[in-house]
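**Q** Pasting my_file-v2.txt below, which is compact mmCIF, C-alpha atoms and all ligand atoms.
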# COMPACT_ATOMS: atom_id res chain seq x y z
CA MET A 1 -31.42 20.19 -31.13
CA ASN A 2 -31.30 23.50 -29.26
CA VAL A 3 -28.03 24.52 -27.69
CA MET A 4 -28.13 24.08 -23.95
CA ASN A 5 -25.86 24.73 -21.02
CA VAL A 6 -25.39 21.58 -18.95
CA LYS A 7 -23.69 21.89 -15.60
CA PHE A 8 -21.73 19.01 -14.14
CA LEU A 9 -23.76 19.26 -10.93
CA ASP A 10 -26.55 21.76 -10.30
CA LEU A 11 -27.17 21.96 -6.55
CA ASN A 12 -29.86 24.61 -7.06
CA ARG A 13 -32.00 21.99 -8.76
CA ILE A 14 -31.65 19.79 -5.67
CA HIS A 15 -32.19 22.55 -3.11
CA GLU A 16 -34.97 24.61 -4.69
CA PRO A 17 -37.88 22.34 -3.68
CA ILE A 18 -36.67 21.99 -0.06
CA LYS A 19 -35.21 25.43 0.54
CA GLN A 20 -38.09 26.70 2.70
CA GLU A 21 -38.04 23.59 4.88
CA ILE A 22 -34.28 23.98 5.38
CA LEU A 23 -34.62 27.69 6.24
CA THR A 24 -37.28 26.85 8.84
CA GLU A 25 -34.92 24.34 10.47
CA ILE A 26 -32.03 26.82 10.43
CA ASN A 27 -34.26 29.45 12.04
CA LYS A 28 -35.16 27.05 14.86
CA ILE A 29 -31.50 26.48 15.60
CA ILE A 30 -30.73 30.18 15.63
CA ASP A 31 -33.61 30.77 18.05
CA LYS A 32 -32.31 28.04 20.36
CA ASN A 33 -28.60 28.90 19.96
CA SER A 34 -27.90 25.18 19.97
CA TYR A 35 -25.03 24.87 17.51
CA ILE A 36 -22.73 22.15 18.82
CA LEU A 37 -23.88 18.50 19.03
CA GLY A 38 -27.23 18.26 20.88
CA GLU A 39 -30.65 17.00 19.78
CA LYS A 40 -30.43 17.75 16.05
CA VAL A 41 -27.14 15.94 15.67
CA GLU A 42 -28.49 12.92 17.58
CA GLU A 43 -31.67 12.90 15.51
CA PHE A 44 -29.66 12.90 12.28
CA GLU A 45 -27.25 10.24 13.58
CA ASN A 46 -30.19 7.99 14.37
CA ASN A 47 -31.96 8.65 11.08
CA PHE A 48 -28.85 8.09 8.97
CA ALA A 49 -27.93 4.90 10.85
CA ARG A 50 -31.50 3.57 10.49
CA PHE A 51 -31.52 4.41 6.77
CA HIS A 52 -28.53 2.09 6.37
CA GLY A 53 -29.89 -0.58 8.70
CA MET A 54 -27.18 0.10 11.27
CA ASN A 55 -27.48 0.68 15.02
CA TYR A 56 -25.26 3.68 15.72
CA GLY A 57 -24.13 6.80 13.91
CA VAL A 58 -21.46 9.22 15.08
CA GLY A 59 -21.48 12.58 13.32
CA VAL A 60 -18.11 14.17 12.60
CA ASP A 61 -16.82 17.20 10.73
CA SER A 62 -15.82 15.45 7.47
CA GLY A 63 -15.49 12.13 5.70
CA THR A 64 -11.73 12.33 6.20
CA SER A 65 -12.25 12.63 9.98
CA ALA A 66 -14.65 9.68 9.85
CA LEU A 67 -11.89 7.55 8.31
CA GLU A 68 -9.20 8.81 10.66
CA LEU A 69 -11.24 8.32 13.85
CA GLY A 70 -12.54 5.00 12.49
CA MET A 71 -8.95 3.75 12.30
CA LYS A 72 -8.01 5.22 15.68
CA VAL A 73 -10.95 3.60 17.46
CA LEU A 74 -9.84 0.23 16.06
CA GLY A 75 -6.37 0.81 17.46
CA ILE A 76 -4.61 1.38 14.14
CA GLY A 77 -1.65 3.73 14.34
CA ARG A 78 2.12 4.02 14.24
CA GLY A 79 3.93 1.12 12.60
CA ASP A 80 0.76 -0.23 10.97
CA GLU A 81 0.07 -0.59 7.27
CA VAL A 82 -3.36 -0.05 5.78
CA ILE A 83 -4.30 -1.18 2.29
CA VAL A 84 -6.11 1.40 0.18
CA PRO A 85 -6.98 1.54 -3.52
CA VAL A 86 -4.67 3.64 -5.68
CA ASN A 87 -7.71 4.87 -7.59
CA THR A 88 -9.64 6.97 -5.08
CA PHE A 89 -9.97 10.51 -3.84
CA ILE A 90 -6.79 11.52 -2.00
CA ALA A 91 -8.57 11.62 1.38
CA THR A 92 -8.65 7.82 1.71
CA ALA A 93 -4.85 7.75 1.82
CA SER A 94 -4.53 11.02 3.76
CA ALA A 95 -6.71 9.66 6.55
CA VAL A 96 -4.33 6.70 6.94
CA ALA A 97 -1.41 9.12 7.24
CA PHE A 98 -3.37 11.26 9.75
CA ALA A 99 -3.89 8.13 11.84
CA ASP A 100 -0.09 7.78 11.85
CA ALA A 101 -0.21 4.60 9.78
CA MET A 102 1.24 3.86 6.32
CA PRO A 103 -0.99 3.61 3.23
CA VAL A 104 -0.16 0.65 0.98
CA LEU A 105 -1.70 1.00 -2.47
CA VAL A 106 -3.42 -1.61 -4.64
CA ASP A 107 -4.42 -1.27 -8.31
CA CYS A 108 -8.03 -1.13 -9.50
CA ASP A 109 -10.12 -3.51 -11.61
CA LYS A 110 -12.21 -2.61 -14.64
CA ASN A 111 -15.00 -1.36 -12.37
CA TYR A 112 -12.47 1.15 -10.99
CA ASN A 113 -12.68 -0.33 -7.47
CA ILE A 114 -9.82 -2.00 -5.62
CA ASP A 115 -8.79 -5.20 -7.45
CA ALA A 116 -9.51 -7.84 -4.81
CA GLY A 117 -7.25 -10.28 -6.67
CA LYS A 118 -4.25 -8.04 -6.01
CA ILE A 119 -4.78 -7.41 -2.30
CA GLU A 120 -2.98 -10.49 -0.96
CA ARG A 121 0.38 -9.64 -2.48
CA ALA A 122 0.25 -6.24 -0.73
CA ILE A 123 -0.17 -7.82 2.71
CA THR A 124 2.88 -7.82 5.00
CA LYS A 125 3.43 -8.59 8.69
CA LYS A 126 2.55 -4.96 9.44
CA THR A 127 -0.79 -4.92 7.61
CA ARG A 128 -3.68 -4.22 9.99
CA ALA A 129 -6.58 -3.16 7.80
CA ILE A 130 -8.09 -2.81 4.33
CA ILE A 131 -10.11 0.25 3.30
CA PRO A 132 -12.29 -0.65 0.32
CA VAL A 133 -13.79 2.42 -1.35
CA HIS A 134 -17.19 2.12 -3.03
CA LEU A 135 -15.94 4.36 -5.80
CA TYR A 136 -18.29 6.46 -7.93
CA GLY A 137 -21.21 4.88 -6.01
CA GLN A 138 -20.55 1.23 -6.95
CA PRO A 139 -19.95 -1.21 -4.07
CA ALA A 140 -16.51 -2.87 -4.00
CA ASP A 141 -16.13 -6.70 -4.08
CA MET A 142 -17.02 -7.08 -0.40
CA SER A 143 -17.29 -10.90 -0.28
CA GLU A 144 -13.74 -11.36 -1.60
CA ILE A 145 -12.36 -8.54 0.55
CA LEU A 146 -14.02 -9.83 3.74
CA GLU A 147 -12.72 -13.32 3.01
CA ILE A 148 -9.12 -12.06 2.66
CA ALA A 149 -9.53 -9.97 5.83
CA ARG A 150 -10.79 -13.00 7.72
CA ARG A 151 -7.89 -15.17 6.56
CA TYR A 152 -5.22 -12.62 7.52
CA ASN A 153 -7.05 -11.30 10.59
CA LEU A 154 -7.33 -7.75 9.21
CA LYS A 155 -9.84 -5.03 10.04
CA VAL A 156 -12.03 -3.67 7.24
CA ILE A 157 -13.15 -0.04 7.13
CA GLU A 158 -15.54 0.86 4.34
CA ASP A 159 -15.01 4.22 2.69
CA ALA A 160 -18.62 4.83 1.62
CA CYS A 161 -18.07 8.56 1.04
CA GLN A 162 -19.38 8.24 -2.54
CA ALA A 163 -22.01 5.59 -1.96
CA HIS A 164 -24.76 6.66 0.47
CA GLY A 165 -27.58 4.16 0.00
CA ALA A 166 -25.80 1.85 -2.46
CA SER A 167 -26.31 -1.83 -1.79
CA TYR A 168 -24.39 -5.06 -2.10
CA LYS A 169 -26.34 -8.33 -2.10
CA ASP A 170 -29.43 -6.54 -0.77
CA LYS A 171 -27.65 -4.90 2.15
CA LYS A 172 -26.67 -1.27 2.14
CA VAL A 173 -22.98 -0.43 2.12
CA GLY A 174 -21.80 0.48 5.59
CA ASN A 175 -23.00 -2.93 6.82
CA PHE A 176 -19.82 -4.78 5.88
CA SER A 177 -17.31 -3.46 8.36
CA GLU A 178 -16.99 -2.77 12.08
CA VAL A 179 -16.94 0.93 11.33
CA SER A 180 -17.91 2.51 8.00
CA CYS A 181 -17.37 6.06 6.86
CA PHE A 182 -19.44 8.64 5.01
CA SER A 183 -18.86 12.23 3.84
CA PHE A 184 -21.46 14.99 3.55
CA TYR A 185 -19.36 17.26 1.36
CA PRO A 186 -21.95 19.29 -0.61
CA GLY A 187 -21.46 17.41 -3.88
CA LYS A 188 -21.93 13.88 -2.46
CA ASN A 189 -25.19 11.95 -2.96
CA LEU A 190 -26.18 13.27 0.46
CA GLY A 191 -24.41 16.56 1.06
CA GLY A 192 -24.66 19.34 3.61
CA MET A 193 -24.12 23.05 3.11
CA GLY A 194 -20.58 22.81 4.37
CA ASP A 195 -18.42 19.92 5.55
CA GLY A 196 -19.64 16.92 7.51
CA GLY A 197 -19.21 13.18 7.94
CA MET A 198 -20.49 10.12 9.78
CA ILE A 199 -19.21 6.83 11.13
CA LEU A 200 -21.67 3.94 11.33
CA THR A 201 -21.22 0.91 13.57
CA ASN A 202 -23.26 -1.81 15.27
CA ASN A 203 -20.88 -1.88 18.22
CA LYS A 204 -22.15 0.19 21.14
CA GLU A 205 -18.78 0.41 22.83
CA LEU A 206 -17.09 1.67 19.65
CA ALA A 207 -19.90 4.21 19.13
CA GLU A 208 -19.46 5.56 22.65
CA LYS A 209 -15.72 5.76 22.27
CA LEU A 210 -16.06 7.52 18.91
CA LYS A 211 -18.42 10.09 20.44
CA MET A 212 -15.70 10.88 22.96
CA LEU A 213 -12.85 10.84 20.41
CA ARG A 214 -14.60 13.51 18.31
CA ASN A 215 -15.17 15.66 21.40
CA TYR A 216 -11.85 16.01 23.31
CA GLY A 217 -12.14 12.57 24.90
CA GLN A 218 -14.86 13.99 27.09
CA SER A 219 -17.23 11.75 29.09
CA LYS A 220 -19.01 14.67 30.72
CA LYS A 221 -18.31 18.36 30.49
CA TYR A 222 -14.63 19.07 31.36
CA TYR A 223 -13.88 15.43 32.28
CA HIS A 224 -11.44 14.12 29.67
CA ASP A 225 -10.85 10.39 29.92
CA PHE A 226 -8.44 10.10 27.00
CA PHE A 227 -6.81 12.20 24.32
CA GLY A 228 -9.45 13.39 21.85
CA TYR A 229 -10.08 15.85 19.04
CA ASN A 230 -12.52 18.54 18.01
CA ARG A 231 -14.16 16.75 15.07
CA ARG A 232 -17.86 17.30 15.73
CA LEU A 233 -20.67 17.49 13.19
CA ASP A 234 -22.38 20.83 13.82
CA ALA A 235 -26.10 21.19 14.46
CA LEU A 236 -26.82 23.39 11.42
CA GLN A 237 -25.39 20.75 9.10
CA ALA A 238 -27.28 18.00 10.94
CA ALA A 239 -30.56 19.93 10.59
CA ILE A 240 -29.98 20.47 6.86
CA LEU A 241 -28.95 16.84 6.35
CA ASN A 242 -32.05 15.64 8.21
CA VAL A 243 -34.24 17.43 5.68
CA LYS A 244 -32.19 16.18 2.74
CA LEU A 245 -32.05 12.58 3.95
CA LYS A 246 -35.80 12.26 3.30
CA SER A 247 -35.09 12.63 -0.43
CA LEU A 248 -31.96 10.48 -0.68
CA GLU A 249 -33.75 7.37 -1.92
CA GLU A 250 -35.62 9.34 -4.59
CA TRP A 251 -32.42 11.13 -5.66
CA ASN A 252 -30.53 7.85 -5.97
CA LYS A 253 -33.42 6.50 -8.05
CA GLN A 254 -33.14 9.50 -10.35
CA ARG A 255 -29.38 9.01 -10.66
CA ARG A 256 -29.93 5.38 -11.64
CA GLU A 257 -32.53 6.42 -14.20
CA ILE A 258 -30.18 9.02 -15.72
CA ALA A 259 -27.47 6.33 -15.87
CA ARG A 260 -29.90 3.99 -17.62
CA ARG A 261 -30.65 6.66 -20.26
CA TYR A 262 -26.98 7.44 -20.81
CA THR A 263 -26.24 3.74 -21.20
CA GLU A 264 -29.07 3.29 -23.68
CA LEU A 265 -28.17 6.35 -25.79
CA LEU A 266 -24.39 5.83 -25.79
CA LYS A 267 -24.25 2.08 -26.26
CA ASP A 268 -23.06 1.95 -29.87
CA LEU A 269 -20.13 4.35 -29.54
CA PRO A 270 -16.40 3.61 -29.13
CA ILE A 271 -16.52 4.43 -25.43
CA ILE A 272 -16.51 2.22 -22.36
CA LEU A 273 -19.60 2.64 -20.20
CA PRO A 274 -19.90 1.88 -16.47
CA ASN A 275 -20.30 -1.82 -15.89
CA GLU A 276 -22.86 -2.70 -13.22
CA LYS A 277 -21.85 -5.89 -11.53
CA PRO A 278 -24.74 -8.20 -10.63
CA GLY A 279 -25.96 -8.21 -7.03
CA ARG A 280 -25.13 -4.62 -6.34
CA GLU A 281 -26.95 -1.36 -6.68
CA HIS A 282 -24.75 1.41 -8.03
CA VAL A 283 -25.94 4.88 -6.91
CA TYR A 284 -23.98 6.81 -9.57
CA HIS A 285 -22.34 9.46 -7.49
CA LEU A 286 -20.44 9.81 -10.78
CA PHE A 287 -21.12 8.53 -14.28
CA VAL A 288 -17.65 7.73 -15.58
CA ILE A 289 -17.00 6.70 -19.18
CA ARG A 290 -13.70 5.95 -20.89
CA ALA A 291 -12.56 7.11 -24.32
CA GLU A 292 -9.32 7.43 -26.26
CA ASN A 293 -8.38 11.08 -26.67
CA ARG A 294 -10.51 11.91 -23.65
CA ASP A 295 -9.14 15.48 -23.53
CA LYS A 296 -10.36 16.16 -27.07
CA LEU A 297 -13.80 14.83 -26.22
CA ALA A 298 -13.95 16.98 -23.07
CA GLU A 299 -12.89 20.01 -25.09
CA PHE A 300 -15.55 19.30 -27.72
CA LEU A 301 -18.22 19.05 -25.00
CA LYS A 302 -16.94 22.23 -23.33
CA ASN A 303 -17.54 24.04 -26.63
CA LYS A 304 -21.09 22.70 -26.51
CA ASN A 305 -21.49 24.22 -23.01
CA ILE A 306 -21.37 20.81 -21.33
CA ASP A 307 -19.26 20.54 -18.18
CA THR A 308 -17.41 17.31 -17.45
CA GLY A 309 -15.02 16.17 -14.72
CA LEU A 310 -12.00 13.92 -14.17
CA HIS A 311 -12.13 11.53 -11.19
CA TYR A 312 -9.21 11.39 -10.87
CA PRO A 313 -6.60 12.76 -13.28
CA ILE A 314 -3.58 11.60 -11.22
CA PRO A 315 -3.56 8.31 -9.26
CA ILE A 316 -2.35 8.65 -5.69
CA HIS A 317 1.08 7.08 -6.25
CA LEU A 318 1.91 9.77 -8.84
CA GLN A 319 0.81 12.70 -6.67
CA LYS A 320 3.70 14.87 -5.52
CA SER A 321 2.51 14.75 -1.92
CA TYR A 322 2.82 10.94 -1.90
CA ALA A 323 6.23 10.70 -3.59
CA GLY A 324 7.56 9.64 -0.18
CA LEU A 325 5.74 6.30 -0.43
CA GLY A 326 8.32 5.28 -3.03
CA TYR A 327 6.05 4.12 -5.84
CA LYS A 328 6.85 4.88 -9.47
CA GLU A 329 5.14 5.11 -12.82
CA GLY A 330 4.27 1.62 -14.05
CA ASP A 331 3.48 0.24 -10.58
CA PHE A 332 -0.31 0.36 -11.12
CA PRO A 333 -0.95 -0.12 -14.83
CA ALA A 334 -4.76 -0.24 -14.69
CA ALA A 335 -5.14 2.96 -12.68
CA GLU A 336 -2.53 4.71 -14.82
CA LYS A 337 -4.24 3.70 -18.08
CA TYR A 338 -7.71 4.64 -16.82
CA ALA A 339 -6.56 8.02 -15.49
CA LYS A 340 -5.79 9.00 -19.10
CA GLU A 341 -9.15 7.78 -20.48
CA ILE A 342 -11.82 8.52 -17.89
CA LEU A 343 -14.37 11.29 -18.23
CA SER A 344 -17.21 12.01 -15.80
CA LEU A 345 -20.42 13.16 -17.48
CA PRO A 346 -22.96 15.50 -15.85
CA MET A 347 -24.98 13.59 -13.23
CA PHE A 348 -27.32 15.00 -10.61
CA PRO A 349 -30.92 14.57 -9.44
CA GLY A 350 -33.17 16.93 -11.36
CA MET A 351 -31.12 16.64 -14.57
CA THR A 352 -33.72 16.67 -17.36
CA ASN A 353 -34.21 14.17 -20.20
CA GLU A 354 -33.46 16.98 -22.62
CA GLU A 355 -30.11 17.58 -20.92
CA VAL A 356 -29.18 13.89 -21.01
CA GLU A 357 -30.17 13.73 -24.66
CA TYR A 358 -28.19 16.87 -25.47
CA VAL A 359 -25.07 15.43 -23.81
CA CYS A 360 -25.50 12.15 -25.70
CA SER A 361 -26.21 13.73 -29.09
CA SER A 362 -23.14 15.93 -28.62
CA ILE A 363 -20.98 12.88 -27.87
CA LYS A 364 -22.42 11.17 -30.95
CA GLU A 365 -21.63 14.24 -33.01
CA TYR A 366 -18.03 14.11 -31.73
CA PHE A 367 -17.76 10.54 -33.03
CA GLY A 368 -19.40 11.53 -36.31
CA LYS A 369 -22.58 9.52 -35.66
C1 LIG A 401 -15.23 12.83 -0.37
C2 LIG A 401 -14.42 11.66 -0.07
C3 LIG A 401 -13.70 11.52 1.12
C4 LIG A 401 -13.50 12.62 2.10
O1 LIG A 401 -14.61 13.27 2.53
P1 LIG A 401 -14.49 14.79 3.06
O2 LIG A 401 -15.83 15.01 3.69
O3 LIG A 401 -14.24 15.67 1.88
O4 LIG A 401 -13.39 14.83 4.06
C5 LIG A 401 -13.06 10.33 1.37
N1 LIG A 401 -13.10 9.32 0.49
C6 LIG A 401 -13.75 9.42 -0.68
C7 LIG A 401 -13.77 8.24 -1.61
C8 LIG A 401 -14.42 10.59 -1.01
O5 LIG A 401 -15.04 10.68 -2.18
Now, as a test, write the supplied structure out as structure tokens.
Ligand SMILES: *Cc1c(COP(=O)(O)O)cnc(C)c1O

**A**
Amino acid sequence: MNVMNVKFLDLNRIHEPIKQEILTEINKIIDKNSYILGEKVEEFENNFARFHGMNYGVGVDSGTSALELGMKVLGIGRGDEVIVPVNTFIATASAVAFADAMPVLVDCDKNYNIDAGKIERAITKKTRAIIPVHLYGQPADMSEILEIARRYNLKVIEDACQAHGASYKDKKVGNFSEVSCFSFYPGKNLGGMGDGGMILTNNKELAEKLKMLRNYGQSKKYYHDFFGYNRRLDALQAAILNVKLKSLEEWNKQRREIARRYTELLKDLPIILPNEKPGREHVYHLFVIRAENRDKLAEFLKNKNIDTGLHYPIPIHLQKSYAGLGYKEGDFPAAEKYAKEILSLPMFPGMTNEEVEYVCSSIKEYFGK
């Protein structure tokens, strides 16, 4: 097979076919000088909410802000504990700290999501909420999590930052909590050309309050009803995201197809492939495998011009910045074991069959097959 160069994510492949349409939209905004909130942001909020079957969307400046404001609007703050998975991007825990609350970590299961069976023992008198993350694009065990939340009277806030359009029992993620949070960081399944985020809700009152919280607590210009922030989604990002949203379903389909090919071509090797649980549609933000000597495999692929990633090399409890939480090595055995074995393979819409085959034949070559 010819030698190729396979990027981990090639955004040019995604943007090339829609570049002109995006430039036209950007031009319109420049002509109007309408950069902050306004029509384009509302249009995107409505479109994104409708796409997920939800009533209201509130655009913010990042996924982290979506989580932080989502907690604040539910009244979570000082003295409260919020349960988050130990295996996630750091922002899930950071947002809890930004909201002045305390993150309490729970280990992951073999699908890399929060282990619902271990949530109860992390609940204390101070626990107010659970933030399940639909990690890598696979929905978390929402039935079990919602049942625990109901029993202990806890709020649930979905972190759907990696799972735009994924579904659980035929409903899209974002439908399982009072407020749910999305990121439009460029590399996400739906990404802007800069930072951005969104909170979805079916509660009109919460939506209105969130719109004020992201905009200085303002009800009308220069009337500030409560303390608020500057966390707005800007109009350029909204215009770009509006164009890109039209392709999200097709892109997710392509991701699933690439995952299907990987799974087919890699099935007989000593690696652990993603396990799709029944009743949920994984949207493969990442295609994460596990192998012993993962670093050697990554190195071998690097020499074949194949880029890979690690999501994530250090679980949150072992990050220096979270040493203050008081956890230690050995506290979360699954996450610690997986962190040493995981490897994310190239995955993006527009990735060709030849590229998938080249990645797989290179992995086979590594294993001497
Ligand atoms: C990307 C991400 C976030 C944060 O989103 P930003 O837009 O980068 O602030 C939060 N949680 C998870 C799981 C993410 O992947």

**Q** For ligand LIG 401 (chain A), return the neighbouring residues as a PyMOL selection string (distance at most 8 Å; all atoms listed in the file).

**A** chain A and resi 61-67+88-92+133-136+159-162+182-185+188+195-197

**Q** Please report, as JSON, the centre and edge lengths in Å to one decimal of an axis-aligned box covering all listed atoms of range 128-141 of chain A with 6 Å per side.

**A**
{"center_x": -12.4, "center_y": -0.1, "center_z": 1.0, "size_x": 29.5, "size_y": 25.2, "size_z": 29.9}

**Q** Taking 3 positions as the minimum chain separation for residues in the same chain, which residues sit within 9 Å of Ile123 in chain A when counting only C-alpha atoms? Answer as a list in words.

**A**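 Neighbouring residues, sequence-local ones excluded: Glu81, Val82, Ile83, Val104, Ile119, Glu120, Lys126, Thr127, Arg128 and Tyr152 of chain A.
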
**Q** What is the distance between CA of Leu286 in chain A and CA of Pro346 in chain A, in Å to one decimal?

**A** 8.0 Å

**Q** Ranking A:Met193, A:Val243, A:Thr24, A:Asp100 by minimum distance to Gly75 in chain A and counting only C-alpha atoms, which one comes first?

**A**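 Under the stated criterion, the closest residue is A:Asp100.
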
**Q** How close does range 23-82 of chain A get to range 244-255 of chain A? List, as a tab-separated table, each residue of range 23-82 of chain A within 10 Å, its nearest atom pair and the distance in Å to one decimal, counting only C-alpha atoms.

**A**
residue	atom	partner	partner_atom	distance
A:Phe44	CA	A:Leu245	CA	8.7
A:Asn47	CA	A:Leu245	CA	8.1
A:Phe48	CA	A:Leu245	CA	7.5
A:Phe51	CA	A:Leu245	CA	8.7

**Q** Using all atoms listed in the file, find the one residue out of A:Val58, A:Leu233, A:Val288, A:Ala95 that sits nearest to Lys204 in chain A.

**A**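 The shortest atom-to-atom distance to Lys204 in chain A comes from A:Val58.
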
**Q** Could you check which of A:Glu158, A:Asp31, A:Glu45, A:Glu21 is closest to Glu68 in chain A, using all atoms listed in the file?

**A**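 Among the listed residues, A:Glu158 lies closest to Glu68 in chain A.
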
**Q** Need the shell around Gly137 in chain A: protein/DNA/RNA residues with any atom at most 8 Å away, counting all atoms listed in the file. Skip same-chain ones fewer than 6 positions apart. Format as an MDAnalysis selection string?

**A** chainID A and resid 162:164 166 282:286

**Q** Can you work out the spacing between CA of Ala101 in chain A and CA of Ser321 in chain A in Å, to one decimal?

**A**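 Atom-to-atom, CA of Ala101 in chain A to CA of Ser321 in chain A, that is 15.7 Å.
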
**Q** From the options A:Ile199, A:Val173, A:Leu310, A:Ala323, which residue's atoms come nearest to Gly57 in chain A, counting only C-alpha atoms?

**A** A:Ile199

**Q** To one decimal place, how far is CA of Glu357 in chain A from CA of Leu269 in chain A in Å?

**A**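 Spanning CA of Glu357 in chain A to CA of Leu269 in chain A is a straight-line distance of 14.6 Å.
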
**Q** Write out as a list of chain:residue names the residues lying within 12 Å of range 25-27 of chain A, counting all atoms listed in the file and excluding same-chain residues fewer than 3 positions away.

**A** A:Ile18, A:Lys19, A:Gln20, A:Glu21, A:Ile22, A:Ile30, A:Asp31, A:Lys32, A:Asn33, A:Ser34, A:Tyr35, A:Lys40, A:Met193, A:Asp234, A:Ala235, A:Leu236, A:Gln237, A:Ala238, A:Ala239, A:Ile240, A:Leu241, A:Asn242, A:Val243, A:Lys244

**Q** List as a ChimeraX atom specification the protein and nucleic acid residues near range 2-14 of chain A, meaning an atom at most 8 Å away when all atoms listed in the file are counted, but skip any in the same chain fewer than 2 places from it.

**A** /A:16-18,187,304-309,345-351,355,358-359

**Q** Suppose we keep C-alpha atoms; can you now write the selection as a tab-separated table (two decimals), keeping the file's coordinate frame?

**A**
chain	number	residue	atom	x	y	z
A	16	GLU	CA	-34.97	24.61	-4.69
A	17	PRO	CA	-37.88	22.34	-3.68
A	18	ILE	CA	-36.67	21.99	-0.06
A	187	GLY	CA	-21.46	17.41	-3.88
A	304	LYS	CA	-21.09	22.70	-26.51
A	305	ASN	CA	-21.49	24.22	-23.01
A	306	ILE	CA	-21.37	20.81	-21.33
A	307	ASP	CA	-19.26	20.54	-18.18
A	308	THR	CA	-17.41	17.31	-17.45
A	309	GLY	CA	-15.02	16.17	-14.72
A	345	LEU	CA	-20.42	13.16	-17.48
A	346	PRO	CA	-22.96	15.50	-15.85
A	347	MET	CA	-24.98	13.59	-13.23
A	348	PHE	CA	-27.32	15.00	-10.61
A	349	PRO	CA	-30.92	14.57	-9.44
A	350	GLY	CA	-33.17	16.93	-11.36
A	351	MET	CA	-31.12	16.64	-14.57
A	355	GLU	CA	-30.11	17.58	-20.92
A	358	TYR	CA	-28.19	16.87	-25.47
A	359	VAL	CA	-25.07	15.43	-23.81

**Q** List the spatial neighbours of Asn230 in chain A as a list in words - criterion: any atom at most 6 Å away, only C-alpha atoms, same-chain residues fewer than 2 positions off excluded.

**A** Arg214, Asn215, Tyr216 and Arg232 of chain A

**Q** May I ask which of the residues A:Pro315, A:Pro139, A:Gly194, A:Gly324 is the closest one to Asn275 in chain A, counting only C-alpha atoms?

**A**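 Among the listed residues, the smallest separation from Asn275 in chain A belongs to A:Pro139.
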
**Q** Restricting the calculation to all atoms listed in the file, which member of A:Lys364, A:Lys118, A:Lys72, A:Lys267 is positioned closest to Pro85 in chain A?

**A**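 The closest residue to Pro85 in chain A is A:Lys118.
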
**Q** Would you mind listing, for every residue of range 55-112 of chain A within 9 Å of range 209-212 of chain A, the two atoms forming the shortest contact and the distance between them in Å to one decimal, using all atoms listed in the file, sorted by chain and ascending residue number, as a Markdown table?

**A**
| residue | atom | partner | partner_atom | distance |
| --- | --- | --- | --- | --- |
| A:Val58 | CA | A:Lys211 | CA | 6.2 |
| A:Gly59 | CA | A:Lys211 | CA | 8.1 |
| A:Val60 | CA | A:Lys211 | CA | 8.8 |
| A:Leu69 | CA | A:Leu210 | CA | 7.0 |
| A:Gly70 | CA | A:Leu210 | CA | 7.7 |
| A:Lys72 | CA | A:Leu210 | CA | 9.0 |
| A:Val73 | CA | A:Leu210 | CA | 6.6 |
